[in-house]
Amino acid sequence: MEQASAAAVIDARGIVTGWSEGARTLTGYPAEEAVGRSVAALLAEPPAATSVAALAGPVVLRHRDGSPLPLRVRACAVLGADGAPDGYVLTVEPSSGPSPALAEQAFQQASMSLSVFDTQQRYLRLNDVACRVMGVPEDVLIGRFFPESVEDAEHSRTFLRNLRLVAETGRPVRYNSWAGAPALNREHAWSIEMWPLRDSSGELTAVALAAFDSTEQYLARQRLALLNEAATCIGTTLDVVRTAEELVELLVPRYADFASVDLLEWVLGADEPQTDLDDRIVLRRVAHGSATEGTPEAAMHLSEADVYPPFSPPARALRSGRPVMSQAGEPDFVRWVAERNARSPAARSYRKGVHSMIAVPLRARGITLGVAVGVRMAHPDDYAADDAVLAEELASRAAVCIDNARRFARERSTALALQHSLLPRDLPGQAAVEVAHRYRPSGSLAGIGGDWFDVIPLSGSRVALVVGDVVGHGIASSATMGRLCTAVRTLADVDLPPDELLTHLDDLVTHLASDDTGDEVAELGATCLYAVYDPVSRRLTLAAAGHPPPALVLPDGTASLVPMTAGPPLGVGGLPFEAVELELPEGAVVALYTDGLIEDRDRDVDHATAELCRALTASAESLDALCDSVLKAVMPEEPSDDVALLLARTRALGGDRVATWDIEPDPARVAGARQAATDQLASWGLEEEAFVTELVVSELVTNAIRYGQPPIQLRLIRDRALICEVSDGSSTSPHLRRAHAYDEGGRGLLLVAQLTQRWGSRQTGSGKTIWAEQPLPPE
């Protein structure tokens, strides 16, 4: 109302005898409280004079809530029969600023809850919003102590403590609260501000309060916080199941009282992505979580498959590619629940408290992987459009992480299968060394590396021990490892010394690097250690290309690294490789390994090498047991690279198994060589092998005398096979060819090849050696 409509009638004694509705609106006093009172009692400040006429002009009234109310009053005398003033009509002069009635309207119609309390925390005023929040009209609350009007004891204590703090200190308070209210069916977020009210003298008379319902802003911040948390807590590992569990842990209980992640079956295997969905979709549960016991499907076993009919929310979400929300009472929701309860009432019975559900498809890179489901029971709100947007964003992030984990698992299994197919399964039989080996693939996110090893039998009962490492991870690294392994075996058949073999291997890698195929070796490099052990001379010859040196354990129990100079990694080119030769006692153990065994970001290489040497000297029942104990003692707990370990215990072929003769370059000496070989076979008890051996000795010695150069030497070795070797000083190697019908020569080597198990030649430091092997029955 306008200020001009506020009027009061005062008699000559200063007693209020009349009170308008405008006066009630302006001052807060109803007529029954104002009429009969002295006008002086309504003033906040005494007038300058005691007469009623002195009230004309500026005065300060006291509002019913205790606040001062400055006004300009006009007094109009009411004359009696004698012409003397019998009373006065007081009206408020209109002011140039907003009227008190306008301020009252602003208070009542404010969009936030406004309240005024006295210093004893009793209600003085409430606006319309505050009354709606409390659920009762203003006159019910006026004069009541605040804690008597609410049931939330914790919220009441906080609220009351702040009211008293303002009343005692006179300082405003601002805080945020998450609490309910009598007229609200759920808790809301409130931004509350309290401030003191003072009269004209500065005395604190009341506490005013404004409470803004910031629930929507609060929930928006919660959704944003959930998205930010998802970026850090989902996808911490490249494991499909763990990633699904991380999504469930994020959703429960903040977003859902129960959540689950079901994936299509092909996601958990090595099958190709499935693009078409059948009418009844089969999903496999990989993760679920519940805020309380007894929630829907909480009894369902993980990894259990379930069929979802087309009308079910998960199936609809998978087919549409969009979130599907269902509320209790909707036909499809009721139908699906009934069908599931009928199929398995004990394990999958839905509780009556379920009132809302959302199903969100998990899609990544255009491929559907599965569905995430959220169910609300204790949470009071049904899923709404904002919840669907949030769920879609969370599901999108989780789906990408699940797909990354699926791809990693598939590539890892492929690389591991390729690695295992290329590594030797059963090492070939040979008498030079006893071997044991271990291979441990990397458990890091980088994937399977290119570590490999091999044991290659050579001529003359010798054996080659090889270990290598293609730096890098994945299928490309494993494929490159296979190429290098094959190349080493091919070069080993040529019987090259270790340094020459690495030179040829380096040339091969350089050639691969120059190909347009962009071989992995060119980008990442490779290392290799190649060693040859001769059980007759007990000599170990080895060379390395960027590879760590092997460890050597002598029979007396001492262990140390083999002193050697490692050449550059393969593919660098232009630099030589140096060979080292050692004479070993029988029973020495040579340990070849890749750098993953001793190198790690948090380890000192020298310390790890010392641990390796100590571990190799520990007592063990067998070489296999020693392998296990070395890995346990030396290998990092979580190796970031593959680990390959090859242990070889040396054996020796004594003089009783080797016979050697120097042959003069005279054809007449061939018969003597045959006889010497026959006599030696007789002493070994191998008379049955004499006929073939005589032919082989005759042919090889004759060729050495006719086409070779002195010195000429014949050697017989009794090993798992009978080996006949003829050495001469010429570097020219023979080759097998078929003689024509009228050729007088050329049939000798063809005869040797047909009579023996295998034959060949190798270069030596002083010429060449031609050898042939005959199988022997097991001893």
# chains A, B, ... in the order shown; residues from 1 in each chain; ligands from 1

$ select_by_dssp --residues "stretch 610-677 of chain A" --states "helix (DSSP H, G or I)" --output "compact mmCIF listing (two decimals) with all heavy atoms, in the first residue's frame"
# COMPACT_ATOMS: atom_id res chain seq x y z
N ALA A 610 75.61 -57.61 -9.09
CA ALA A 610 76.18 -58.31 -7.93
C ALA A 610 75.17 -59.30 -7.34
O ALA A 610 75.54 -60.42 -6.93
CB ALA A 610 76.62 -57.29 -6.87
N GLU A 611 73.89 -58.93 -7.30
CA GLU A 611 72.86 -59.85 -6.82
C GLU A 611 72.76 -61.07 -7.73
O GLU A 611 72.56 -62.20 -7.25
CB GLU A 611 71.51 -59.13 -6.77
CG GLU A 611 71.38 -58.12 -5.64
CD GLU A 611 69.98 -57.52 -5.61
OE1 GLU A 611 69.22 -57.72 -6.58
OE2 GLU A 611 69.66 -56.87 -4.61
N LEU A 612 72.91 -60.86 -9.04
CA LEU A 612 72.87 -61.97 -9.98
C LEU A 612 74.00 -62.95 -9.70
O LEU A 612 73.79 -64.18 -9.66
CB LEU A 612 72.96 -61.44 -11.41
CG LEU A 612 73.13 -62.48 -12.51
CD1 LEU A 612 71.93 -63.42 -12.55
CD2 LEU A 612 73.33 -61.81 -13.86
N CYS A 613 75.20 -62.44 -9.49
CA CYS A 613 76.34 -63.32 -9.23
C CYS A 613 76.14 -64.09 -7.92
O CYS A 613 76.47 -65.28 -7.83
CB CYS A 613 77.63 -62.51 -9.18
SG CYS A 613 78.12 -61.83 -10.80
N ARG A 614 75.61 -63.42 -6.88
CA ARG A 614 75.37 -64.12 -5.62
C ARG A 614 74.31 -65.20 -5.80
O ARG A 614 74.42 -66.30 -5.26
CB ARG A 614 74.92 -63.12 -4.55
CG ARG A 614 76.05 -62.30 -3.95
CD ARG A 614 75.61 -61.62 -2.66
NE ARG A 614 74.52 -60.67 -2.91
CZ ARG A 614 74.69 -59.39 -3.23
NH1 ARG A 614 75.92 -58.90 -3.33
NH2 ARG A 614 73.66 -58.60 -3.42
N ALA A 615 73.24 -64.87 -6.55
CA ALA A 615 72.17 -65.85 -6.74
C ALA A 615 72.66 -67.07 -7.51
O ALA A 615 72.21 -68.19 -7.26
CB ALA A 615 71.00 -65.19 -7.47
N LEU A 616 73.59 -66.88 -8.44
CA LEU A 616 74.09 -68.00 -9.24
C LEU A 616 74.94 -68.96 -8.41
O LEU A 616 75.11 -70.12 -8.78
CB LEU A 616 74.90 -67.47 -10.43
CG LEU A 616 74.09 -66.85 -11.56
CD1 LEU A 616 75.01 -66.15 -12.55
CD2 LEU A 616 73.26 -67.92 -12.28
N LEU A 623 69.64 -77.46 -12.43
CA LEU A 623 69.81 -76.23 -13.17
C LEU A 623 68.47 -75.50 -13.31
O LEU A 623 68.41 -74.26 -13.28
CB LEU A 623 70.42 -76.52 -14.55
CG LEU A 623 71.34 -75.45 -15.14
CD1 LEU A 623 72.48 -75.12 -14.20
CD2 LEU A 623 71.88 -75.90 -16.49
N ASP A 624 67.39 -76.27 -13.43
CA ASP A 624 66.05 -75.66 -13.49
C ASP A 624 65.74 -74.94 -12.20
O ASP A 624 65.19 -73.83 -12.21
CB ASP A 624 65.00 -76.73 -13.77
CG ASP A 624 64.80 -76.96 -15.25
OD1 ASP A 624 64.75 -75.98 -16.00
OD2 ASP A 624 64.71 -78.13 -15.66
N ALA A 625 66.04 -75.56 -11.08
CA ALA A 625 65.80 -74.92 -9.78
C ALA A 625 66.65 -73.67 -9.62
O ALA A 625 66.20 -72.67 -9.03
CB ALA A 625 66.08 -75.91 -8.66
N LEU A 626 67.87 -73.70 -10.16
CA LEU A 626 68.72 -72.52 -10.10
C LEU A 626 68.12 -71.38 -10.91
O LEU A 626 68.18 -70.21 -10.50
CB LEU A 626 70.12 -72.87 -10.60
CG LEU A 626 71.16 -71.74 -10.51
CD1 LEU A 626 71.34 -71.28 -9.07
CD2 LEU A 626 72.50 -72.19 -11.10
N CYS A 627 67.51 -71.70 -12.05
CA CYS A 627 66.83 -70.67 -12.85
C CYS A 627 65.76 -69.97 -12.02
O CYS A 627 65.66 -68.74 -12.00
CB CYS A 627 66.19 -71.31 -14.08
SG CYS A 627 67.23 -71.34 -15.54
N ASP A 628 64.94 -70.76 -11.34
CA ASP A 628 63.85 -70.18 -10.55
C ASP A 628 64.37 -69.32 -9.42
O ASP A 628 63.84 -68.23 -9.15
CB ASP A 628 62.96 -71.30 -10.00
CG ASP A 628 62.22 -72.04 -11.10
OD1 ASP A 628 61.94 -71.42 -12.15
OD2 ASP A 628 61.92 -73.24 -10.92
N SER A 629 65.39 -69.80 -8.73
CA SER A 629 65.93 -69.02 -7.60
C SER A 629 66.58 -67.73 -8.08
O SER A 629 66.50 -66.70 -7.40
CB SER A 629 66.93 -69.87 -6.81
OG SER A 629 68.05 -70.22 -7.61
N VAL A 630 67.23 -67.75 -9.25
CA VAL A 630 67.84 -66.52 -9.78
C VAL A 630 66.77 -65.50 -10.12
O VAL A 630 66.88 -64.31 -9.77
CB VAL A 630 68.70 -66.86 -11.01
CG1 VAL A 630 69.09 -65.57 -11.75
CG2 VAL A 630 69.96 -67.62 -10.60
N LEU A 631 65.70 -65.94 -10.78
CA LEU A 631 64.62 -65.00 -11.11
C LEU A 631 63.99 -64.43 -9.85
O LEU A 631 63.69 -63.23 -9.78
CB LEU A 631 63.56 -65.70 -11.95
CG LEU A 631 63.95 -66.08 -13.38
CD1 LEU A 631 62.76 -66.69 -14.10
CD2 LEU A 631 64.45 -64.87 -14.15
N LYS A 632 63.78 -65.27 -8.84
CA LYS A 632 63.18 -64.80 -7.60
C LYS A 632 64.05 -63.79 -6.89
O LYS A 632 63.56 -62.82 -6.30
CB LYS A 632 62.90 -65.99 -6.69
CG LYS A 632 62.17 -65.62 -5.41
CD LYS A 632 61.87 -66.86 -4.58
CE LYS A 632 61.14 -66.49 -3.30
NZ LYS A 632 60.83 -67.69 -2.47
N ALA A 633 65.36 -63.98 -6.95
CA ALA A 633 66.28 -63.10 -6.21
C ALA A 633 66.62 -61.82 -6.96
O ALA A 633 66.87 -60.79 -6.34
CB ALA A 633 67.56 -63.86 -5.87
N VAL A 634 66.62 -61.87 -8.28
CA VAL A 634 67.16 -60.76 -9.06
C VAL A 634 66.09 -59.99 -9.83
O VAL A 634 66.14 -58.77 -9.92
CB VAL A 634 68.25 -61.26 -10.04
CG1 VAL A 634 68.89 -60.09 -10.79
CG2 VAL A 634 69.31 -62.05 -9.30
N GLY A 655 89.69 -87.68 -23.70
CA GLY A 655 90.49 -88.34 -24.71
C GLY A 655 89.98 -89.71 -25.10
O GLY A 655 90.27 -90.21 -26.19
N ASP A 656 89.20 -90.33 -24.22
CA ASP A 656 88.66 -91.64 -24.56
C ASP A 656 87.56 -91.56 -25.59
O ASP A 656 87.10 -92.60 -26.10
CB ASP A 656 88.14 -92.33 -23.29
CG ASP A 656 87.04 -91.51 -22.62
OD1 ASP A 656 87.04 -90.27 -22.78
OD2 ASP A 656 86.18 -92.11 -21.95
N ARG A 657 87.09 -90.36 -25.93
CA ARG A 657 86.03 -90.21 -26.92
C ARG A 657 86.50 -89.46 -28.17
O ARG A 657 85.70 -89.21 -29.07
CB ARG A 657 84.85 -89.45 -26.32
CG ARG A 657 84.06 -90.27 -25.32
CD ARG A 657 82.91 -89.47 -24.72
NE ARG A 657 82.04 -90.32 -23.92
CZ ARG A 657 80.93 -90.90 -24.35
NH1 ARG A 657 80.57 -90.72 -25.62
NH2 ARG A 657 80.20 -91.68 -23.58
N ARG A 669 98.98 -92.95 -48.01
CA ARG A 669 98.63 -92.91 -46.59
C ARG A 669 97.12 -93.10 -46.36
O ARG A 669 96.69 -93.21 -45.21
CB ARG A 669 99.05 -91.58 -45.97
CG ARG A 669 100.54 -91.29 -46.10
CD ARG A 669 101.33 -92.30 -45.29
NE ARG A 669 102.77 -92.02 -45.35
CZ ARG A 669 103.69 -92.73 -44.72
NH1 ARG A 669 103.30 -93.79 -44.01
NH2 ARG A 669 104.96 -92.43 -44.82
N VAL A 670 96.34 -93.16 -47.44
CA VAL A 670 94.89 -93.28 -47.28
C VAL A 670 94.53 -94.61 -46.64
O VAL A 670 93.66 -94.70 -45.76
CB VAL A 670 94.19 -93.10 -48.64
CG1 VAL A 670 92.69 -93.36 -48.50
CG2 VAL A 670 94.45 -91.72 -49.19
N ALA A 671 95.17 -95.65 -47.06
CA ALA A 671 94.89 -96.98 -46.51
C ALA A 671 95.20 -97.03 -45.02
O ALA A 671 94.44 -97.61 -44.23
CB ALA A 671 95.69 -98.03 -47.26
N GLY A 672 96.32 -96.41 -44.62
CA GLY A 672 96.66 -96.37 -43.19
C GLY A 672 95.64 -95.60 -42.39
O GLY A 672 95.33 -95.95 -41.23
N ALA A 673 95.10 -94.53 -42.98
CA ALA A 673 94.08 -93.75 -42.27
C ALA A 673 92.82 -94.59 -42.08
O ALA A 673 92.18 -94.56 -41.02
CB ALA A 673 93.77 -92.48 -43.05
N ARG A 674 92.45 -95.38 -43.12
CA ARG A 674 91.26 -96.22 -42.99
C ARG A 674 91.47 -97.26 -41.88
O ARG A 674 90.58 -97.50 -41.07
CB ARG A 674 90.97 -96.94 -44.30
CG ARG A 674 90.41 -96.05 -45.38
CD ARG A 674 89.75 -96.89 -46.47
NE ARG A 674 90.66 -97.86 -47.04
CZ ARG A 674 91.41 -97.64 -48.13
NH1 ARG A 674 91.33 -96.46 -48.76
NH2 ARG A 674 92.22 -98.57 -48.60
N GLN A 675 92.66 -97.85 -41.86
CA GLN A 675 92.93 -98.87 -40.86
C GLN A 675 92.92 -98.30 -39.44
O GLN A 675 92.39 -98.90 -38.50
CB GLN A 675 94.28 -99.55 -41.15
CG GLN A 675 94.58 -100.73 -40.25
CD GLN A 675 93.54 -101.85 -40.36
OE1 GLN A 675 93.17 -102.24 -41.47
NE2 GLN A 675 93.07 -102.34 -39.23
N ALA A 676 93.52 -97.10 -39.29
CA ALA A 676 93.54 -96.46 -37.96
C ALA A 676 92.12 -96.19 -37.47
O ALA A 676 91.77 -96.39 -36.28
CB ALA A 676 94.34 -95.17 -38.03
N ALA A 677 91.26 -95.73 -38.39
CA ALA A 677 89.87 -95.45 -38.00
C ALA A 677 89.16 -96.75 -37.62
O ALA A 677 88.39 -96.80 -36.65
CB ALA A 677 89.14 -94.75 -39.14

$ residues_around --residues "A:Trp178" --least-positions-apart "4" --cutoff "7 Å" --atoms "only C-alpha atoms" --output "ChimeraX atom specification"
/A:187-190

$ write_last_selection --atoms "all heavy atoms" --output "PDB file, in the first residue's frame"
ATOM      1  N   GLU A 187      16.373 -33.665   0.787  1.00  0.00           N
ATOM      2  CA  GLU A 187      17.307 -32.638   1.218  1.00  0.00           C
ATOM      3  C   GLU A 187      17.667 -31.728   0.057  1.00  0.00           C
ATOM      4  O   GLU A 187      17.686 -32.149  -1.104  1.00  0.00           O
ATOM      5  CB  GLU A 187      18.565 -33.283   1.793  1.00  0.00           C
ATOM      6  CG  GLU A 187      18.317 -34.008   3.113  1.00  0.00           C
ATOM      7  CD  GLU A 187      19.608 -34.497   3.741  1.00  0.00           C
ATOM      8  OE1 GLU A 187      20.551 -34.788   2.981  1.00  0.00           O
ATOM      9  OE2 GLU A 187      19.676 -34.579   4.979  1.00  0.00           O
ATOM     10  N   HIS A 188      17.954 -30.487   0.390  1.00  0.00           N
ATOM     11  CA  HIS A 188      18.333 -29.492  -0.597  1.00  0.00           C
ATOM     12  C   HIS A 188      19.648 -28.860  -0.177  1.00  0.00           C
ATOM     13  O   HIS A 188      20.070 -28.930   0.979  1.00  0.00           O
ATOM     14  CB  HIS A 188      17.260 -28.407  -0.705  1.00  0.00           C
ATOM     15  CG  HIS A 188      16.053 -28.835  -1.479  1.00  0.00           C
ATOM     16  ND1 HIS A 188      15.544 -28.125  -2.530  1.00  0.00           N
ATOM     17  CD2 HIS A 188      15.257 -29.925  -1.362  1.00  0.00           C
ATOM     18  CE1 HIS A 188      14.497 -28.742  -3.027  1.00  0.00           C
ATOM     19  NE2 HIS A 188      14.292 -29.838  -2.312  1.00  0.00           N
ATOM     20  N   ALA A 189      20.287 -28.250  -1.140  1.00  0.00           N
ATOM     21  CA  ALA A 189      21.492 -27.466  -0.853  1.00  0.00           C
ATOM     22  C   ALA A 189      21.066 -26.021  -0.608  1.00  0.00           C
ATOM     23  O   ALA A 189      20.281 -25.458  -1.385  1.00  0.00           O
ATOM     24  CB  ALA A 189      22.471 -27.547  -2.010  1.00  0.00           C
ATOM     25  N   TRP A 190      21.580 -25.448   0.475  1.00  0.00           N
ATOM     26  CA  TRP A 190      21.203 -24.084   0.843  1.00  0.00           C
ATOM     27  C   TRP A 190      22.452 -23.229   0.979  1.00  0.00           C
ATOM     28  O   TRP A 190      23.448 -23.647   1.570  1.00  0.00           O
ATOM     29  CB  TRP A 190      20.441 -24.051   2.173  1.00  0.00           C
ATOM     30  CG  TRP A 190      19.196 -24.875   2.196  1.00  0.00           C
ATOM     31  CD1 TRP A 190      19.066 -26.147   2.664  1.00  0.00           C
ATOM     32  CD2 TRP A 190      17.904 -24.488   1.734  1.00  0.00           C
ATOM     33  NE1 TRP A 190      17.780 -26.589   2.524  1.00  0.00           N
ATOM     34  CE2 TRP A 190      17.028 -25.576   1.955  1.00  0.00           C
ATOM     35  CE3 TRP A 190      17.396 -23.322   1.161  1.00  0.00           C
ATOM     36  CZ2 TRP A 190      15.692 -25.537   1.617  1.00  0.00           C
ATOM     37  CZ3 TRP A 190      16.054 -23.289   0.839  1.00  0.00           C
ATOM     38  CH2 TRP A 190      15.208 -24.386   1.043  1.00  0.00           C
TER      39      TRP A 190
END

$ residues_around --residues "A:Arg198" --least-positions-apart "2" --cutoff "9 Å" --atoms "only C-alpha atoms" --output "PyMOL selection string"
chain A and resi 66-68+196+200-207

$ closest_atom_pairs --of "stretch 625-702 of chain A" --to "stretch 583-599 of chain A" --cutoff "9 Å" --atoms "only C-alpha atoms" --output "tab-separated table"
residue	atom	partner	partner_atom	distance
A:Leu631	CA	A:Leu597	CA	7.7
A:Val634	CA	A:Leu597	CA	6.7
A:Met635	CA	A:Leu597	CA	5.0
A:Pro636	CA	A:Leu597	CA	7.2
A:Pro639	CA	A:Gly596	CA	6.9
A:Ser640	CA	A:Gly596	CA	7.3
A:Asp641	CA	A:Gly596	CA	5.1
A:Asp642	CA	A:Gly596	CA	5.6
A:Val643	CA	A:Gly596	CA	4.9
A:Ala644	CA	A:Tyr593	CA	5.4
A:Leu645	CA	A:Tyr593	CA	4.4
A:Leu646	CA	A:Leu592	CA	5.1
A:Leu647	CA	A:Ala591	CA	4.6
A:Ala648	CA	A:Val590	CA	5.2
A:Arg649	CA	A:Val589	CA	4.3
A:Thr650	CA	A:Gly587	CA	5.1
A:Arg651	CA	A:Glu586	CA	5.2
A:Ala652	CA	A:Glu586	CA	5.7

$ select_by_dssp --residues "stretch 396-614 of chain A" --states "strand (DSSP E or B)" --output "PyMOL selection string"
chain A and resi 433-440+450-457+463-470+526-534+539-545+551-553+559-561+567+570+580-583+589-593

$ residues_around --residues "stretch 557-568 of chain A" --least-positions-apart "5" --cutoff "9 Å" --atoms "only C-alpha atoms" --output "list in words"
Thr527, Leu529, Leu542, Ala543, Ala544, Ala545, Gly546, His547, Pro548, Pro549, Pro550, Ala551, Leu552, Gly573, Leu575, Pro576, Phe577, Glu578, Ala579, Val580, Thr609, Ala610, Cys613, Arg614, Leu616, Thr617 and Ala618 of chain A

$ write_last_selection --atoms "N, CA, C and O atoms" --output "compact mmCIF listing (two decimals), in the first residue's frame"
# COMPACT_ATOMS: atom_id res chain seq x y z
N THR A 527 69.93 -56.06 -29.73
CA THR A 527 71.20 -56.51 -29.19
C THR A 527 71.25 -58.03 -29.29
O THR A 527 70.22 -58.69 -29.41
N LEU A 529 73.94 -61.60 -28.10
CA LEU A 529 75.15 -62.23 -27.58
C LEU A 529 75.21 -63.64 -28.18
O LEU A 529 74.26 -64.42 -28.06
N LEU A 542 83.02 -66.12 -27.56
CA LEU A 542 81.79 -65.35 -27.56
C LEU A 542 82.06 -63.91 -28.01
O LEU A 542 83.17 -63.39 -27.89
N ALA A 543 81.00 -63.28 -28.53
CA ALA A 543 81.04 -61.88 -28.94
C ALA A 543 79.65 -61.29 -28.71
O ALA A 543 78.64 -62.01 -28.73
N ALA A 544 79.59 -59.98 -28.48
CA ALA A 544 78.32 -59.32 -28.16
C ALA A 544 78.12 -58.09 -29.02
O ALA A 544 79.09 -57.40 -29.37
N ALA A 545 76.85 -57.83 -29.34
CA ALA A 545 76.48 -56.61 -30.05
C ALA A 545 75.55 -55.81 -29.16
O ALA A 545 74.33 -56.02 -29.14
N GLY A 546 76.14 -54.94 -28.34
CA GLY A 546 75.36 -54.10 -27.45
C GLY A 546 74.66 -54.83 -26.33
O GLY A 546 73.72 -54.30 -25.73
N HIS A 547 75.08 -56.05 -26.04
CA HIS A 547 74.37 -56.88 -25.05
C HIS A 547 75.21 -56.99 -23.78
O HIS A 547 76.44 -56.99 -23.83
N PRO A 548 74.56 -57.09 -22.59
CA PRO A 548 75.32 -57.25 -21.35
C PRO A 548 76.11 -58.55 -21.34
O PRO A 548 75.65 -59.56 -21.89
N PRO A 549 77.28 -58.57 -20.72
CA PRO A 549 78.13 -59.77 -20.72
C PRO A 549 77.51 -60.87 -19.87
O PRO A 549 76.76 -60.61 -18.92
N PRO A 550 77.81 -62.13 -20.18
CA PRO A 550 77.28 -63.24 -19.37
C PRO A 550 78.01 -63.35 -18.05
O PRO A 550 79.11 -62.81 -17.86
N ALA A 551 77.39 -64.05 -17.12
CA ALA A 551 78.04 -64.36 -15.85
C ALA A 551 78.58 -65.79 -15.91
O ALA A 551 78.00 -66.66 -16.55
N LEU A 552 79.68 -66.01 -15.23
CA LEU A 552 80.35 -67.32 -15.25
C LEU A 552 80.53 -67.79 -13.81
O LEU A 552 81.07 -67.07 -12.97
N GLY A 573 76.24 -50.44 -37.70
CA GLY A 573 77.09 -50.61 -38.87
C GLY A 573 78.41 -49.86 -38.78
O GLY A 573 78.53 -48.83 -38.11
N LEU A 575 81.24 -50.61 -37.35
CA LEU A 575 82.12 -50.84 -36.20
C LEU A 575 82.32 -52.33 -36.02
O LEU A 575 81.41 -53.14 -36.22
N PRO A 576 83.54 -52.74 -35.59
CA PRO A 576 83.85 -54.19 -35.50
C PRO A 576 83.30 -54.79 -34.22
O PRO A 576 82.98 -54.10 -33.25
N PHE A 577 83.22 -56.12 -34.24
CA PHE A 577 82.85 -56.89 -33.06
C PHE A 577 84.06 -57.71 -32.63
O PHE A 577 84.73 -58.31 -33.47
N GLU A 578 84.32 -57.74 -31.34
CA GLU A 578 85.49 -58.44 -30.82
C GLU A 578 85.06 -59.73 -30.14
O GLU A 578 84.12 -59.74 -29.34
N ALA A 579 85.78 -60.81 -30.46
CA ALA A 579 85.50 -62.11 -29.86
C ALA A 579 86.43 -62.34 -28.68
O ALA A 579 87.60 -61.92 -28.68
N VAL A 580 85.92 -63.01 -27.65
CA VAL A 580 86.69 -63.37 -26.46
C VAL A 580 86.68 -64.89 -26.34
O VAL A 580 85.64 -65.53 -26.56
N THR A 609 73.66 -56.55 -10.77
CA THR A 609 74.61 -57.52 -11.30
C THR A 609 75.27 -58.31 -10.18
O THR A 609 75.47 -59.53 -10.28
N ALA A 610 75.61 -57.61 -9.09
CA ALA A 610 76.18 -58.31 -7.93
C ALA A 610 75.17 -59.30 -7.34
O ALA A 610 75.54 -60.42 -6.93
N CYS A 613 75.20 -62.44 -9.49
CA CYS A 613 76.34 -63.32 -9.23
C CYS A 613 76.14 -64.09 -7.92
O CYS A 613 76.47 -65.28 -7.83
N ARG A 614 75.61 -63.42 -6.88
CA ARG A 614 75.37 -64.12 -5.62
C ARG A 614 74.31 -65.20 -5.80
O ARG A 614 74.42 -66.30 -5.26
N LEU A 616 73.59 -66.88 -8.44
CA LEU A 616 74.09 -68.00 -9.24
C LEU A 616 74.94 -68.96 -8.41
O LEU A 616 75.11 -70.12 -8.78
N THR A 617 75.49 -68.49 -7.32
CA THR A 617 76.34 -69.35 -6.48
C THR A 617 75.53 -70.09 -5.43
O THR A 617 76.09 -70.92 -4.69
N ALA A 618 74.23 -69.80 -5.32
CA ALA A 618 73.41 -70.49 -4.32
C ALA A 618 73.24 -71.96 -4.70
O ALA A 618 73.23 -72.31 -5.88

$ residues_around --residues "A:Ala244" --least-positions-apart "3" --cutoff "6 Å" --atoms "only C-alpha atoms" --output "NGL selection string"
:A and (241 or 247 or 287)

$ atom_distance --atom1 "atom CA of A:Val467" --atom2 "atom CA of A:Asp493"
16.9 Å

$ closest_residue --among "A:Ala211, A:Val463, A:Gly80, A:Leu55" --to "A:Val116" --atoms "only C-alpha atoms"
A:Ala211

$ residues_around --residues "stretch 135-143 of chain A" --least-positions-apart "6" --cutoff "12 Å" --atoms "only C-alpha atoms" --output "list in words"
Asp65, Gln108, Leu114, Ser115, Val116, Phe117, Asp118, Thr119, Gln120, Gln121, Arg122, Tyr123, Leu124, Arg125, Leu126, Asn127, Asp128, Val129, Ser149, Val150, Ala181, Pro182, Ala183, Leu184 and Asn185 of chain A

$ residues_around --residues "A:Val389" --least-positions-apart "5" --cutoff "9 Å" --atoms "only C-alpha atoms" --output "VMD selection string"
chain A and resid 323 384 394

$ write_last_selection --atoms "all heavy atoms" --output "mmCIF file, in the first residue's frame"
data_model
loop_
_atom_site.group_PDB
_atom_site.id
_atom_site.type_symbol
_atom_site.label_atom_id
_atom_site.label_comp_id
_atom_site.auth_asym_id
_atom_site.auth_seq_id
_atom_site.Cartn_x
_atom_site.Cartn_y
_atom_site.Cartn_z
ATOM 1 N N PRO A 323 20.910 -43.502 -24.022
ATOM 2 C CA PRO A 323 20.448 -43.916 -22.698
ATOM 3 C C PRO A 323 18.941 -44.147 -22.693
ATOM 4 O O PRO A 323 18.187 -43.453 -23.375
ATOM 5 C CB PRO A 323 20.838 -42.738 -21.795
ATOM 6 C CG PRO A 323 21.902 -42.000 -22.537
ATOM 7 C CD PRO A 323 21.590 -42.187 -23.987
ATOM 8 N N ALA A 384 16.591 -38.256 -14.478
ATOM 9 C CA ALA A 384 16.029 -37.218 -15.346
ATOM 10 C C ALA A 384 16.996 -36.949 -16.491
ATOM 11 O O ALA A 384 18.021 -37.609 -16.640
ATOM 12 C CB ALA A 384 15.758 -35.953 -14.538
ATOM 13 N N LEU A 394 29.883 -40.339 -18.846
ATOM 14 C CA LEU A 394 30.667 -41.312 -18.074
ATOM 15 C C LEU A 394 30.835 -42.617 -18.842
ATOM 16 O O LEU A 394 31.914 -43.206 -18.858
ATOM 17 C CB LEU A 394 29.982 -41.572 -16.730
ATOM 18 C CG LEU A 394 29.991 -40.429 -15.718
ATOM 19 C CD1 LEU A 394 29.141 -40.792 -14.513
ATOM 20 C CD2 LEU A 394 31.403 -40.077 -15.288
#

$ atom_distance --atom1 "atom CA of A:Ala8" --atom2 "atom CA of A:Glu32"
12.9 Å
